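Asks: Before I ask anything, here is the structure I am working with.
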Amino acid sequence: MNDHDDILIRCHELTKHYRRGDRTVTPLQALDLLVSRGEYLALMGPSGSGKTTLLNLVAGIDSPSEGKLEVCGQDLTQLSRGRLARWRAHHVGYIFQLYHLVPVLTAFENVELPLLLDDLSRRERRERVESTLALVGLDDRMHHFPRELSGGQEQRVAIARALVGSPELLVADEPTGDLDREAADAVLGLLRSLSREYGKTIVMVTHDPRAAQAADRILHLEKGRLLEQEGA
Amino acid sequence: MFAKGLRLMLLAAKQLVRHKVRTVLTLCGVASGMFLYTAVQTMQHSLDKATRMRAADTTLVVYRENRFCPETSRLPEFYEEEIRRIPGVREVIPIKVTVNNCGASLDVITFRGVPQNRLARYAPEIKIVDGAYEKWLTRDDGALVGKQLATRRGLQPGDAFEAAGVRVVVCGIIDSPLPQDNSVAYVHLAFLQQASRHGLGVVTQFNVRVNASEDLNPVAAAIDARFRSETDPTITQPEKAFLAQTAGELIDLIGFTRWIGLGAVLAVLGLIGNAVLLVVRGRVCENAVLQTVGFPGTAVGFVVLCEGVLLGLFGSGIGAGLATAFLVWRPFTFGNEGQTIALVPDASLFVNGVGLALLLGMLASLWPAWVAMRKPIVESLRT
């Protein structure tokens with residue numbers, strides 16, 4: 001594998017503007033970034049520094065205003081809305097701070113969501129969902145609704161939902177931000193093992209230095225620019 | 001593709017089933033609207049069936065000129081033989097009609113007095129579903145009661161009942177493909193004549209069967225010409241035109257219900273539209289999550305559309321089904337000036353009602369579905 005193949009995320013002069021009232025806001029400004037396959041990257045910085053914007057661009061749920069963005073070998077700026085949706089289904093798993101599980105669906109049904117539009121049989125879907133829930137340690141809670149789970153368990157269901165499509169890239173927006181210390185440790189341990197044992201590339205936004213310490217590399221952003229890089 | 005659509009529909013169904021209160025309230029509203037719509041459609045359909053001329057119609061009604069109520073239409077019974085001689089006439093039957101209420105009413109009881117030995121020949125389509133025809137032939141005060149009237153009044157063979165000053169004993173329950181026959185009681189002509197103050201030899205009308213439908217107008221003209229100079233001149237019309245003219249007020253009234261039906265349809269449209277729009281507004285973040293995990297906007301829109309369609313489908317199924325069941329359980333007969341129109345529910349009306357509600361559900365959900373599929377993901381996740 002050459003260097004080119006080793007890079008999963010390639011950002012060049014990546015800029016994002018949007019209008020707020022009559023002024024233009026630029027949360028991300030001419031950012032250059034390379035993320036290797038299997039790397040566990042933490043993004044830190046104050047509120048409004050552009051962390052989540054960068055995460056959303058990398059996850060393909062927002063589009064850059066300028067610059068180049070290539071993720072998993074695909075130039076995301078060239079994809080239509082529909083193709084971008086299918087690309088997300090196969091290449092990215094997104095973990096939210098507030099879990100964002102569908103409240104009327106059980107843990108099993110929430111995890112199954114990304115597979116509903118795949119050409120998998122019911123049995124194949126069931127096997128994948130069950131094994132993914134087992135991976136996050138929730139095989140005994142698969143028929144529980146989110147309201148019947150603790151915050152930590154909900155976040156693990158959300159991680160299972162992000163993992164079930166076997167994406168190369170996991171993006172996590174403050175995944176421990178709404179959890180107590182014990183649950184946060186369990187989630188961080190899970191992310192670490194996904195990186196170490198399963199080779200997943202993880203980009204995680206966090207305010208918590210403890211959480212960032214689990215990453216291979218920590219990037220600091222301020223006012224939409226990268227400040228420094230440090231190894232964990 | 002089909003399997004994926006089915007999975008999304010199942011997802012929509014889960015959203016509905018697991019939001020019980022909201023769904024039940026919406027279904028109640030849709031069902032009420034479709035109950036009203038189906039009842040109105042049944043009225044329209046029954047009226048249409050009773051009054052619209054068809055190519056196969058061959059019956060004329062001979063009535064007293066310038067009279068509109070059976071109490072005032074009096075014709076000599078001997079006209080029968082004169083009518084029978086007119087070319088094109090196949091069968092004539094004198095009928096004495098007595099009703100309990102000549103005005104517009106929802107509970108009309110109509111007695112039709114006919115020569116007892118000629119009913120089977122004149123109306124072979126009538127079937128006895130309970131009791132015995134032979135018993136009616138031999139019993140002077142016997143009555144063959146239409147099945148709708150029997151159901152409405154809870155009558156069975158052997159029961160006696162009285163209306164409009166006429167007391168009869170039920171000898172049989174009849175079923176006829178002509179809805180009007182199912183809401184009347186056939187009795188002996190002489191018995192009914194004697195029971196009325198007009199006495200023997202006077203009838204209300206003659207029903208005339210002609211050889212072919214093209215004979216209707218020439219025969220009607222010939223009958224009226226024959227009696228023009230008599231003391232009791234006649235007016236002869238095809239049976240359905242006669243009904244349409246005689247029950248004009250009733251038809252105007254039923255015609256008005258068309259607007260009620262339209263109102264019910266608009267109410268259902270608004271109700272589903274409102275319910276689905278509220279669903280979409282309450283699920284902005286959830287829909288953004290679906291798109292984040294790989295649902296294209298069209299799939300999110302399809303789920304929303306399915307919710308509207310399912311609400312329409314089940315709400316109308318309940319409403320139209322209840323209306324049909326209610327009209328079967330409690331049959332109504334509209335009556336005016338002695339003419340009756342039975343409200344007969346029809347399977348096609350149920351199917352049309354459900355189909356219409358399905359379409360309404362789809363129409364009402366189009367805008368909410370569009371809103372759901374076009375909203376930017378990042379903006380939605382912030383809500």
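Ordering of the structure tokens sets the chain letters (A, B, ...); residue numbers start at 1 within each chain; ligands are numbered from 1 in the order shown.
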Counting only C-alpha atoms, which residues from chain B have an atom at most 7 Å from any atom of chain A, and could you show them as a PDB file with N, CA, C and O atoms, in the first residue's frame?
Replies:
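Contents of selection-v9.pdb, freshly written:
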ATOM      1  N   LYS B   4     -37.683  -2.824  -0.587  1.00  0.00           N
ATOM      2  CA  LYS B   4     -37.236  -1.643   0.167  1.00  0.00           C
ATOM      3  C   LYS B   4     -38.434  -0.751   0.484  1.00  0.00           C
ATOM      4  O   LYS B   4     -38.553  -0.215   1.589  1.00  0.00           O
ATOM      5  N   ARG B   7     -40.271  -2.175   3.340  1.00  0.00           N
ATOM      6  CA  ARG B   7     -39.587  -1.946   4.623  1.00  0.00           C
ATOM      7  C   ARG B   7     -39.843  -0.522   5.115  1.00  0.00           C
ATOM      8  O   ARG B   7     -40.058  -0.286   6.309  1.00  0.00           O
ATOM      9  N   GLN B  15     -44.181   3.903  13.210  1.00  0.00           N
ATOM     10  CA  GLN B  15     -44.314   5.274  13.716  1.00  0.00           C
ATOM     11  C   GLN B  15     -45.762   5.551  14.124  1.00  0.00           C
ATOM     12  O   GLN B  15     -46.023   6.211  15.116  1.00  0.00           O
ATOM     13  N   ARG B  18     -46.924   3.161  17.222  1.00  0.00           N
ATOM     14  CA  ARG B  18     -46.279   3.443  18.509  1.00  0.00           C
ATOM     15  C   ARG B  18     -46.497   4.884  18.989  1.00  0.00           C
ATOM     16  O   ARG B  18     -45.985   5.254  20.035  1.00  0.00           O
ATOM     17  N   GLU B 286     -35.224  13.754  13.828  1.00  0.00           N
ATOM     18  CA  GLU B 286     -35.262  12.310  13.531  1.00  0.00           C
ATOM     19  C   GLU B 286     -35.064  12.042  12.023  1.00  0.00           C
ATOM     20  O   GLU B 286     -34.342  11.122  11.629  1.00  0.00           O
ATOM     21  N   VAL B 289     -31.535  12.481  11.125  1.00  0.00           N
ATOM     22  CA  VAL B 289     -30.735  11.318  11.528  1.00  0.00           C
ATOM     23  C   VAL B 289     -30.873  10.215  10.473  1.00  0.00           C
ATOM     24  O   VAL B 289     -29.887   9.567  10.091  1.00  0.00           O
ATOM     25  N   GLN B 291     -31.395  10.581   7.372  1.00  0.00           N
ATOM     26  CA  GLN B 291     -30.576  10.948   6.212  1.00  0.00           C
ATOM     27  C   GLN B 291     -29.090  10.781   6.521  1.00  0.00           C
ATOM     28  O   GLN B 291     -28.314  10.389   5.665  1.00  0.00           O
ATOM     29  N   THR B 292     -28.715  11.053   7.764  1.00  0.00           N
ATOM     30  CA  THR B 292     -27.300  10.888   8.145  1.00  0.00           C
ATOM     31  C   THR B 292     -26.877   9.424   8.031  1.00  0.00           C
ATOM     32  O   THR B 292     -25.765   9.129   7.610  1.00  0.00           O
ATOM     33  N   VAL B 293     -27.785   8.510   8.388  1.00  0.00           N
ATOM     34  CA  VAL B 293     -27.397   7.088   8.331  1.00  0.00           C
ATOM     35  C   VAL B 293     -27.555   6.513   6.924  1.00  0.00           C
ATOM     36  O   VAL B 293     -27.369   5.315   6.725  1.00  0.00           O
ATOM     37  N   GLY B 294     -27.922   7.358   5.960  1.00  0.00           N
ATOM     38  CA  GLY B 294     -27.886   6.896   4.567  1.00  0.00           C
ATOM     39  C   GLY B 294     -29.210   6.888   3.835  1.00  0.00           C
ATOM     40  O   GLY B 294     -29.271   6.440   2.691  1.00  0.00           O
ATOM     41  N   PHE B 295     -30.290   7.358   4.478  1.00  0.00           N
ATOM     42  CA  PHE B 295     -31.562   7.430   3.754  1.00  0.00           C
ATOM     43  C   PHE B 295     -31.499   8.613   2.781  1.00  0.00           C
ATOM     44  O   PHE B 295     -31.227   9.733   3.216  1.00  0.00           O
ATOM     45  N   PRO B 296     -31.764   8.389   1.509  1.00  0.00           N
ATOM     46  CA  PRO B 296     -31.886   9.548   0.623  1.00  0.00           C
ATOM     47  C   PRO B 296     -33.134  10.357   1.018  1.00  0.00           C
ATOM     48  O   PRO B 296     -34.042   9.810   1.655  1.00  0.00           O
ATOM     49  N   ILE B 377     -29.729  18.739   6.355  1.00  0.00           N
ATOM     50  CA  ILE B 377     -29.483  17.850   7.493  1.00  0.00           C
ATOM     51  C   ILE B 377     -28.912  18.611   8.688  1.00  0.00           C
ATOM     52  O   ILE B 377     -29.400  18.482   9.814  1.00  0.00           O
ATOM     53  N   VAL B 378     -27.890  19.402   8.430  1.00  0.00           N
ATOM     54  CA  VAL B 378     -27.190  20.064   9.541  1.00  0.00           C
ATOM     55  C   VAL B 378     -28.136  21.017  10.271  1.00  0.00           C
ATOM     56  O   VAL B 378     -28.176  21.038  11.505  1.00  0.00           O
TER      57      VAL B 378
END
Asks: Tell me, which residues of stretch 100-255 of chain B carry DSSP alpha helix (DSSP H), written as a PyMOL selection string?
Replies: chain B and resi 119-122+133-138+147-153+189-195+216-227+239-246+248-255
Asks: Please return as number ranges by chain: the residues of stretch 161-382 of chain B that backbone DSSP assigns to strand (DSSP E).
Replies: B: 161-163, 166-175, 184-188, 202-203, 205-210, 234-238, 333-336, 339-342
Asks: Name the closest residue to A:Arg217 among the candidates A:Glu39, A:Glu130, A:Asp185, A:Asp140; distances are taken between atoms, counting only C-alpha atoms.
Replies: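 Closest to A:Arg217, using only C-alpha atoms: A:Glu39.
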Asks: So which one's closest to B:Ile86, B:Val99, B:Leu322, B:Leu216, B:Ala342? Using only C-alpha atoms, please.
Replies: B:Leu216
Asks: Write out as a PyMOL selection string the residues lying within 10 Å of B:Arg22, counting only C-alpha atoms and excluding same-chain residues fewer than 5 positions away.
Replies: chain B and resi 16-17+27+275+279
Asks: Could the residues in this selection be written to a file with N, CA and C atoms, as a JSON list (two decimals), in the first residue's frame?
Replies:
[["chain", "number", "residue", "atom", "x", "y", "z"],
["B", 16, "LEU", "N", -46.70, 5.04, 13.33],
["B", 16, "LEU", "CA", -48.12, 5.29, 13.63],
["B", 16, "LEU", "C", -48.58, 4.47, 14.83],
["B", 17, "VAL", "N", -48.25, 3.19, 14.81],
["B", 17, "VAL", "CA", -48.74, 2.28, 15.86],
["B", 17, "VAL", "C", -48.17, 2.67, 17.22],
["B", 27, "LEU", "N", -57.26, 8.89, 13.34],
["B", 27, "LEU", "CA", -58.12, 7.87, 12.71],
["B", 27, "LEU", "C", -59.60, 8.14, 13.01],
["B", 275, "ALA", "N", -52.27, 16.47, 10.42],
["B", 275, "ALA", "CA", -51.63, 15.45, 11.26],
["B", 275, "ALA", "C", -50.22, 15.14, 10.74],
["B", 279, "VAL", "N", -46.53, 15.82, 12.37],
["B", 279, "VAL", "CA", -45.58, 14.70, 12.52],
["B", 279, "VAL", "C", -44.21, 15.13, 11.99]]
Asks: Using only C-alpha atoms, which protein or nucleic acid residues come within 12 Å of A:Ser131? Drop anything in the same chain fewer than 3 positions from it, and give the result as a PyMOL selection string.
Replies: chain A and resi 108+111-112+124-128+134-140+142+160-161+163-166
Asks: Which residue out of A:Val203, A:Gln153, A:Pro46, A:Thr132 has the minimum interatomic distance to A:Val58 when only C-alpha atoms are used?
Replies: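 With only C-alpha atoms as the atom set, the closest residue is A:Val203.
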Asks: Report the distance between atom CA of B:Gln180 and atom CA of B:Gly263 in Å, rounded to one decimal place.
Replies: 29.0 Å
Asks: Could you list, as a PyMOL selection string, every residue within 7 Å of A:Val205, counting only C-alpha atoms and ignoring same-chain residues fewer than 2 positions away?
Replies: chain A and resi 42-44+51-52+172-174+203
Asks: So that I have them on file, write out the residues from the current selection with N, CA, C and O atoms, as a PDB file, in the first residue's frame.
Replies:
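Dumped to again15.pdb:
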ATOM      1  N   ALA A  42      -8.572  13.154  17.440  1.00  0.00           N
ATOM      2  CA  ALA A  42      -9.449  13.972  18.299  1.00  0.00           C
ATOM      3  C   ALA A  42      -9.367  15.422  17.841  1.00  0.00           C
ATOM      4  O   ALA A  42      -8.273  15.938  17.582  1.00  0.00           O
ATOM      5  N   LEU A  43     -10.497  16.076  17.723  1.00  0.00           N
ATOM      6  CA  LEU A  43     -10.548  17.490  17.356  1.00  0.00           C
ATOM      7  C   LEU A  43     -10.968  18.269  18.593  1.00  0.00           C
ATOM      8  O   LEU A  43     -12.023  17.994  19.163  1.00  0.00           O
ATOM      9  N   MET A  44     -10.171  19.213  18.993  1.00  0.00           N
ATOM     10  CA  MET A  44     -10.503  20.018  20.176  1.00  0.00           C
ATOM     11  C   MET A  44     -10.500  21.486  19.795  1.00  0.00           C
ATOM     12  O   MET A  44      -9.953  21.887  18.765  1.00  0.00           O
ATOM     13  N   LYS A  51     -15.069  22.808  14.786  1.00  0.00           N
ATOM     14  CA  LYS A  51     -14.873  21.348  14.947  1.00  0.00           C
ATOM     15  C   LYS A  51     -16.024  20.563  14.319  1.00  0.00           C
ATOM     16  O   LYS A  51     -15.819  19.663  13.504  1.00  0.00           O
ATOM     17  N   THR A  52     -17.249  20.919  14.748  1.00  0.00           N
ATOM     18  CA  THR A  52     -18.401  20.166  14.263  1.00  0.00           C
ATOM     19  C   THR A  52     -18.623  20.394  12.771  1.00  0.00           C
ATOM     20  O   THR A  52     -19.028  19.477  12.041  1.00  0.00           O
ATOM     21  N   ALA A 172     -17.551  11.077  15.456  1.00  0.00           N
ATOM     22  CA  ALA A 172     -18.264  11.159  16.727  1.00  0.00           C
ATOM     23  C   ALA A 172     -18.215  12.601  17.218  1.00  0.00           C
ATOM     24  O   ALA A 172     -17.136  13.189  17.344  1.00  0.00           O
ATOM     25  N   ASP A 173     -19.408  13.160  17.451  1.00  0.00           N
ATOM     26  CA  ASP A 173     -19.485  14.548  17.897  1.00  0.00           C
ATOM     27  C   ASP A 173     -19.725  14.569  19.408  1.00  0.00           C
ATOM     28  O   ASP A 173     -20.846  14.355  19.856  1.00  0.00           O
ATOM     29  N   GLU A 174     -18.674  14.758  20.161  1.00  0.00           N
ATOM     30  CA  GLU A 174     -18.741  14.748  21.628  1.00  0.00           C
ATOM     31  C   GLU A 174     -19.514  13.541  22.148  1.00  0.00           C
ATOM     32  O   GLU A 174     -20.552  13.687  22.804  1.00  0.00           O
ATOM     33  N   VAL A 203     -12.822   9.928  13.774  1.00  0.00           N
ATOM     34  CA  VAL A 203     -12.612  11.367  13.976  1.00  0.00           C
ATOM     35  C   VAL A 203     -13.605  11.793  15.049  1.00  0.00           C
ATOM     36  O   VAL A 203     -14.813  11.648  14.856  1.00  0.00           O
TER      37      VAL A 203
END
Asks: So what do you get for atom CA of B:Ile83 versus atom CA of B:Pro218, distance-wise?
Replies: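 Atom CA of B:Pro218 lies at a distance of 12.7 Å from atom CA of B:Ile83.
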Asks: Can you work out the spacing between atom CA of B:Ile173 and atom CA of B:Ile128 in Å, to one decimal?
Replies: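 Separation of atom CA of B:Ile173 and atom CA of B:Ile128: 5.8 Å.
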